[in-house]
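Student: Okay, handing you the structure first.
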2 protein chains.
Amino acid sequence: MRTRPLKVALLGCGVVGSEVARIMTTHADDLAARIGAPVELAGVAVRRPDRVRAGIDPALITTDATALVKRGDIDVVVEVIGGIEPARSLITAAFEHGASVVSANKALLAQDGAALHAAAEEHGRDLYYEAAVAGAIPLIRPLRESLAGDKINRVMGIVNGTTNFILDKMDSSGAGYQEALDEATALGYAEADPTADVEGFDAAAKAAILAGIAFHTRVRLDDVHREGMTEVTAADFASAKAMGCTIKLLAICERAEDGASVTARVHPAMIPLTHPLASVRGAYNAVFVESDAAGQLMFYGPGAGGSPTASAVLGDLVAVCRNRLDGSTGPGESAYAALPVSPMGEVVTRYHISLDVADKPGVLAQVATVFAEHGVSIDTVRQQGRPDSDGEASLVVVTHRASDAALGGTVEALRKLDTVRGVASIMRVEGE
Amino acid sequence: MRTRPLKVALLGCGVVGSEVARIMTTHADDLAARIGAPVELAGVAVRRPDRVRAGIDPALITTDATALVKRGDIDVVVEVIGGIEPARSLITAAFEHGASVVSANKALLAQDGAALHAAAEEHGRDLYYEAAVAGAIPLIRPLRESLAGDKINRVMGIVNGTTNFILDKMDSSGAGYQEALDEATALGYAEADPTADVEGFDAAAKAAILAGIAFHTRVRLDDVHREGMTEVTAADFASAKAMGCTIKLLAICERAEDGASVTARVHPAMIPLTHPLASVRGAYNAVFVESDAAGQLMFYGPGAGGSPTASAVLGDLVAVCRNRLDGSTGPGESAYAALPVSPMGEVVTRYHISLDVADKPGVLAQVATVFAEHGVSIDTVRQQGRPDSDGEASLVVVTHRASDAALGGTVEALRKLDTVRGVASIMRVEGE
């Protein structure tokens with residue numbers, strides 16, 4: 001074993017960073033044995049240096065992250081600040097000054113992954129980011145390495161724990177969205193401003209990263225169709241149950257059937273209770289992968305939190321340090337396939353549509369005609385009068401597979417029918 | 001990209017080997033792009049050269065596997081023959097003649113992993129074997145690399161598809177063991193001689209490999225306690241259901257609570273229906289991992305079959321070829337922790353025991369005394385008269401956690417009681 005330590009600069013010392021520092025200390029012998037050399041925490045860049053940080057030598061604390069990454073003797077920079085800047089500039093500077101980088105920054109990777117990979121390659125350094133998607137769940141490495149000899153056709157996952165907690169709560173208790181969100185906030189699963197989670201921004205960043213790796217194609221955040229889950233209602237869950245389904249916020253990355261393009265999207269969807277993703281409870285994450293040879297795989301675990309995210313960061317740190325000692329680098333960006341990313345209109349799936357209609361003869365025929373005119377084939381229709389309403393009935397239509405554009409056209413035409421009082425909900429049906 | 005191809009020798013061309021050869025041909029461009037150089041099938045060693053092999057150039061076929069691995073121009077040997085010899089000699093010869101090795105051979109790795117790793121290291125070559133455990137499910141790489149910065153405490157999995165199919169059938173249909181086995185055989189899930197599967201030999205080999213990687217300790221097949229599942233009855237499933245459990249054949253690798261030793265075992269066990277492993281159906285495999293920082297992870301997918309196993313082999317092939325081009329090697333054996341492997345008697349878990357007892361007062365007190373004398377604490381007792389029997393009753397005891405040795409002593413003493421007519425079944429309760 002080499003005795004001269006590898007030097008690690010830690011950028012950020014919040015929930016994740018402090019766990020990384022703690023484990024580097026308490027498990028120093030194990031890490032050294034697994035790497036083949038000791039690792040030393042050489043500096044910790046923070047915004048508030050006055051905060052007490054148990055177990056970290058105060059002499060290592062600095063507010064000058066830029067100076068830290070430019071020191072020149074740093075082997076690996078661990079970036080757990082999050083956000084675009086200053087993280088992007090710091091990572092770029094790290095490469096320029098000879099360090100490899102381990103990052104947990106999904107937003108930055110989703111937006112600027114290509115440029116960062118190019119910078120890493122230019123300087124012959126590693127850029128690893130297992131922690132950026134689904135916390136502790138090994139996902140990037142299995143997709144990028146274990147399945148490197150296979151053809152991945154679909155990646156479908158629950159990649160945001162906050163929204164899964166809320167939806168699971170709604171499902172199990174019959175609570176409405178706001179009530180479930182309030183509980184998630186009280187328990188610390190949701191932030192004071194939950195927008196990034198409930199509007200699907202967080203999941204969309206992860207979808208971009210997963211799609212890029214799965215399809216060997218650059219997929220940016222802007223390429224990902226995104227719908228939040230704030231409009232999911234208790235009534236939607238009742239409809240889902242009637243179909244033997246539940247509702248999850250899914251990130252779905254798909255190769256088109258002809259193989260010539262890909263799509264990436266985030267939205268709430270019904271999935272059958274028999275699907276492995278349906279039983280993912282609470283704040284857990286899980287990602288379902290379908291490939292030509294391997295078939296159906298699923299990866300399950302905690303998708304967030306200090307310790308789980310630190311586990312992923314440290315796994316990357318060990319790998320990057322080994323490469324460093326070996327004078328090699330791991331697999332970089334693989335974007336050779338360069339498939340076009342199709343817009344949402346070309347996505348093909350099934351739909352569950354609830355309509356409020358006039359309770360009189362001929363309505364179903366009118367509605368069915370609109371579906372037929374737009375080339376959307378109906379699987380089942382359920383019609384029911386509502387005793388408490390003024391001559392209104394409910395019509396629930398489940399379609400066969402159709403494009404999002406065709407469905408959109410159908411719904412637009414339905415809204416124009418006199419007999420359709422309103423479109424109560426539209427939800428995609430996945431995983432069948 | 002390098003234009004000179006990397007040369008691959010394929011040993012074995014059965015269900016897995018033929019899929020490896022097929023994908024190497026049909027996905028040649030993708031593999032070349034991902035590796036950075038083309039890969040060429042340079043020879044295929046088979047036992048029966050006269051059999052027609054679609055898509056493989058007959059000029060590549062040879063019966064002389066030894067000559068093939070000793071050619072000197074082979075970059076990677078893919079071994080999918082199985083069994084101890086000649087696979088062991090061929091792999092050793094491959095290293096001596098400069099090749100890296102990808103193997104799917106669980107029996108050989110479990111028995112001689114240390115020696116093979118040493119040979120690989122001596123010659124500066126790679127030995128990869130993702131396909132040896134749980135088919136297509138990425139497991140070796142996540143344990144060895146993704147969790148390299150974490151401390152794994154338990155690996156508990158369904159790693160044999162045949163036995164899971166049989167147990168799932170018994171659970172869902174109420175069938176007995178023989179009936180379920182017959183169906184598995186008819187459907188091709190069980191071999192004509194199912195011994196290796198149903199007696200747990202296959203799962204034990206996988207447990208040895210998983211324990212070795214998880215605990216950085218050499219664990220050999222002989223270190224694994226093994227019990228088959230041929231004596232699981234429909235009555236056991238009824239008991240399990242009454243407890244909110246099902247029965248699975250589990251491979252369990254555990255670190256002792258004091259961290260100073262490890263155990264590995266394979267046996268049928270009850271697990272709660274709420275545990276993620278309980279819902280693993282049919283011939284699927286799944287492995288549940290618990291670690292200090294990551295928490296609970298699960299990996300799920302097809303555990304066998306030509307295509308899934310080929311997916312794992314090809315993932316390894318890509319990695320080994322990349323290393324080859326890089327002039328580096330991946331992580332080799334990590335056995336630095338060298339923890340002692342404790343015997344089964346030291347394993348601590350819970351037990352479900354069914355006793356046939358005389359239906360008269362005082363029996364429960366006698367039985368409870370025996371448990372107490374052996375230091376085994378009782379959680380629940382259920383007592384019921386059996387109208388169809390001659391003065392007999394059934395006593396079902398579920399214990400708190402106790403050592404296997406203490407439980408064994410308890411059962412021995414129970415058998416000596418006049419009032420205990422027989423011990424109908426003993427089953428461990430896991431996953432709580």
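Labels for the structure tokens follow display order: chains A, B, ..., residues from 1 in each chain, ligands from 1.
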Can you check which residues of chain B have any atom within 6 Å of chain A? Use only C-alpha atoms and format it as a list in words.

Tutor: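 Per the criterion, chain B yields Ala136, Pro138, Ser146, Leu147, Ala148, Gly149, Asp150, Ala293, Ala294, Gln296, Leu297, Met298, Phe299, Tyr300, Gly301, Ser307, Pro308, Ser311, Leu314 and Gly315 of chain B.
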
Student: Write to file, as a compact mmCIF listing (two decimals), in the first residue's frame, the residues of the selection just made, with C-alpha atoms.

Tutor:
```txt
# COMPACT_ATOMS: atom_id res chain seq x y z
CA ALA B 136 -28.45 -10.24 -15.26
CA PRO B 138 -25.92 -6.01 -11.45
CA SER B 146 -20.69 1.42 -5.64
CA LEU B 147 -20.65 0.42 -1.96
CA ALA B 148 -16.85 0.50 -1.67
CA GLY B 149 -17.09 3.48 0.67
CA ASP B 150 -19.76 1.93 2.88
CA ALA B 293 -24.69 4.56 5.30
CA ALA B 294 -26.83 3.52 2.34
CA GLN B 296 -31.59 -0.78 2.68
CA LEU B 297 -31.11 -1.44 -1.00
CA MET B 298 -32.66 -4.06 -3.25
CA PHE B 299 -31.61 -5.37 -6.64
CA TYR B 300 -34.20 -7.31 -8.64
CA GLY B 301 -34.29 -9.10 -11.98
CA SER B 307 -29.99 -13.68 -22.59
CA PRO B 308 -29.90 -12.26 -19.06
CA SER B 311 -26.06 -9.37 -20.64
CA LEU B 314 -21.04 -8.68 -22.03
CA GLY B 315 -21.08 -5.89 -19.43
```

Student: For B:Thr263, find every residue with an atom within 9 Å (counting only C-alpha atoms), except residues of its own chain fewer than 6 positions away, and show them as a list in words.

Tutor: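 So the residues in contact are Ala211, Val219, Asp223, Val224, His225, Ile252, Cys253, Glu254, Arg255, Ala256, Pro340, Val341, Ser342, Pro343, Met344, Glu346 and Val347 of chain B.
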
Student: Quick one: everything within 10 Å of B:Gly14, counting only C-alpha atoms, minus sequence neighbours fewer than 2 positions away in the same chain. Send it as a list in words.

Tutor: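 Here the answer would be Leu11, Gly12, Val16, Gly17, Ser18, Glu19, Val20, Val46, Arg53, Val80, Ile81 and Gly306 of chain B.
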
Student: Include C-alpha atoms and write out the residues we just selected as a PDB file, in the first residue's frame.

Tutor:
```pdb
ATOM      1  CA  LEU B  11     -15.257 -21.329 -23.995  1.00  0.00           C
ATOM      2  CA  GLY B  12     -18.637 -23.022 -24.191  1.00  0.00           C
ATOM      3  CA  VAL B  16     -25.337 -18.564 -22.546  1.00  0.00           C
ATOM      4  CA  GLY B  17     -22.374 -18.856 -24.924  1.00  0.00           C
ATOM      5  CA  SER B  18     -24.510 -18.808 -28.052  1.00  0.00           C
ATOM      6  CA  GLU B  19     -26.248 -15.637 -26.803  1.00  0.00           C
ATOM      7  CA  VAL B  20     -22.877 -14.017 -26.103  1.00  0.00           C
ATOM      8  CA  VAL B  46     -17.092 -26.643 -27.769  1.00  0.00           C
ATOM      9  CA  ARG B  53     -24.431 -23.058 -34.486  1.00  0.00           C
ATOM     10  CA  VAL B  80     -19.248 -20.205 -19.791  1.00  0.00           C
ATOM     11  CA  ILE B  81     -18.581 -23.944 -19.469  1.00  0.00           C
ATOM     12  CA  GLY B 306     -29.318 -17.326 -21.773  1.00  0.00           C
TER      13      GLY B 306
END
```

Student: Excluding A:His267 and its own-chain neighbours fewer than 6 positions away, which residues fall within 9 Å of it when counting only C-alpha atoms? Please give them as number ranges by chain.

Tutor: A: 199-200, 225-229, 248-252, 427-428

Student: Once you have the residues from the selection above, write them out as a CSV table (one decimal), in the first residue's frame, restricted to C-alpha atoms.

Tutor:
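Listing of selection15.csv after writing:
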```csv
chain,number,residue,atom,x,y,z
A,199,GLU,CA,-43.4,20.4,-9.8
A,200,GLY,CA,-41.1,17.7,-11.0
A,225,HIS,CA,-41.2,17.0,-20.7
A,226,ARG,CA,-42.2,17.9,-17.1
A,227,GLU,CA,-45.6,17.9,-15.3
A,228,GLY,CA,-45.8,18.2,-11.5
A,229,MET,CA,-48.1,16.3,-9.2
A,248,LYS,CA,-46.8,7.5,-8.9
A,249,LEU,CA,-44.7,10.5,-10.1
A,250,LEU,CA,-42.6,8.7,-12.7
A,251,ALA,CA,-39.5,9.7,-14.7
A,252,ILE,CA,-39.7,7.8,-17.9
A,427,MET,CA,-53.8,10.7,-16.5
A,428,ARG,CA,-51.3,8.4,-18.4
```

Student: Return the single residue from B:Val367, B:Ala132, B:Ile91, B:Leu6 that is closest to B:Ile74, with distances computed using only C-alpha atoms.

Tutor: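 Between B:Val367, B:Ala132, B:Ile91, B:Leu6, the residue approaching B:Ile74 most closely is B:Leu6.
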
Student: As a PDB file with C-alpha atoms, in the first residue's frame, please: all residues of stretch 241-312 of chain A that backbone DSSP puts in helix (DSSP H, G or I).

Tutor:
```
ATOM      1  CA  LYS A 241     -58.017   1.874  -7.420  1.00  0.00           C
ATOM      2  CA  ALA A 242     -61.043   1.029  -9.533  1.00  0.00           C
ATOM      3  CA  PRO A 276     -42.875  -3.687  -8.835  1.00  0.00           C
ATOM      4  CA  LEU A 277     -42.842   0.133  -8.714  1.00  0.00           C
ATOM      5  CA  ALA A 278     -46.361   0.205  -7.240  1.00  0.00           C
ATOM      6  CA  SER A 279     -45.178  -1.173  -3.905  1.00  0.00           C
ATOM      7  CA  GLY A 306     -27.213  12.587   4.283  1.00  0.00           C
ATOM      8  CA  SER A 307     -25.942   9.066   4.926  1.00  0.00           C
ATOM      9  CA  PRO A 308     -27.319   7.377   1.800  1.00  0.00           C
ATOM     10  CA  THR A 309     -26.037  10.156  -0.441  1.00  0.00           C
ATOM     11  CA  ALA A 310     -22.668  10.015   1.341  1.00  0.00           C
ATOM     12  CA  SER A 311     -22.526   6.267   0.627  1.00  0.00           C
ATOM     13  CA  ALA A 312     -22.807   6.965  -3.090  1.00  0.00           C
TER      14      ALA A 312
END
```

Student: Calculate how many Å separate atom CA of A:Ala21 from atom CA of A:Val76, rounding to one decimal.

Tutor: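 Here the two named atoms are 13.6 Å from each other.
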
Student: Among stretch 8-128 of chain A, which residues carry a DSSP assignment of strand (DSSP E), reported as a ChimeraX atom specification?

Tutor: /A:8-11,39-45,61-62,76-79,100-103,127-128

Student: Hey, can you spit out that residue selection with C-alpha atoms as an mmCIF file, in the first residue's frame?

Tutor:
```
data_model
loop_
_atom_site.group_PDB
_atom_site.id
_atom_site.type_symbol
_atom_site.label_atom_id
_atom_site.label_comp_id
_atom_site.auth_asym_id
_atom_site.auth_seq_id
_atom_site.Cartn_x
_atom_site.Cartn_y
_atom_site.Cartn_z
ATOM 1 C CA VAL A 8 -9.489 15.293 -0.975
ATOM 2 C CA ALA A 9 -11.097 18.738 -1.027
ATOM 3 C CA LEU A 10 -14.675 18.827 0.158
ATOM 4 C CA LEU A 11 -16.884 21.600 -1.225
ATOM 5 C CA VAL A 39 -7.132 9.421 1.817
ATOM 6 C CA GLU A 40 -6.763 12.682 3.631
ATOM 7 C CA LEU A 41 -9.298 15.471 3.975
ATOM 8 C CA ALA A 42 -7.173 18.397 2.835
ATOM 9 C CA GLY A 43 -9.719 21.186 3.024
ATOM 10 C CA VAL A 44 -13.419 21.879 3.496
ATOM 11 C CA ALA A 45 -14.991 24.881 1.789
ATOM 12 C CA ILE A 61 -12.254 24.993 7.066
ATOM 13 C CA THR A 62 -12.131 27.752 4.481
ATOM 14 C CA VAL A 76 -10.080 14.637 -5.787
ATOM 15 C CA VAL A 77 -12.649 17.401 -5.342
ATOM 16 C CA VAL A 78 -15.953 16.295 -3.811
ATOM 17 C CA GLU A 79 -18.666 18.788 -4.749
ATOM 18 C CA SER A 100 -10.739 14.495 -10.480
ATOM 19 C CA VAL A 101 -14.268 15.299 -9.337
ATOM 20 C CA VAL A 102 -17.024 13.459 -7.494
ATOM 21 C CA SER A 103 -20.301 15.370 -7.574
ATOM 22 C CA LEU A 127 -16.070 12.979 -13.310
ATOM 23 C CA TYR A 128 -18.256 10.616 -11.224
#
```

Student: For a test of reading the model, state the distance in Å between atom CA of B:Met1 and atom CA of A:Gly113, rounded to one decimal.

Tutor: 22.2 Å

Student: Could you work out how far atom CA of A:Tyr189 lies from atom CA of A:Leu108, giving the answer in Å with one decimal?

Tutor: 22.6 Å

Student: When you count only C-alpha atoms, which of these residues is closest to B:Asp168: B:Gly83, B:Thr246, B:Ala118, B:Met156?

Tutor: B:Thr246

Student: Using only C-alpha atoms, which protein or nucleic acid residues come within 10 Å of A:Gln178? Drop anything in the same chain fewer than 3 positions from it, and give the result as a list in words.

Tutor: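 Residues near the query, excluding close chain neighbours: Ile166, Met170, Ala175, Leu181, Asp182, Glu183, Ala184, Thr230, Glu231 and Thr233 of chain A.
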
Student: Could you check which of A:Ala110, A:Val376, A:Ala67, A:Ala240 is closest to A:Arg218, using only C-alpha atoms?

Tutor: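 Among A:Ala110, A:Val376, A:Ala67, A:Ala240, it is A:Ala110 that comes nearest to A:Arg218.
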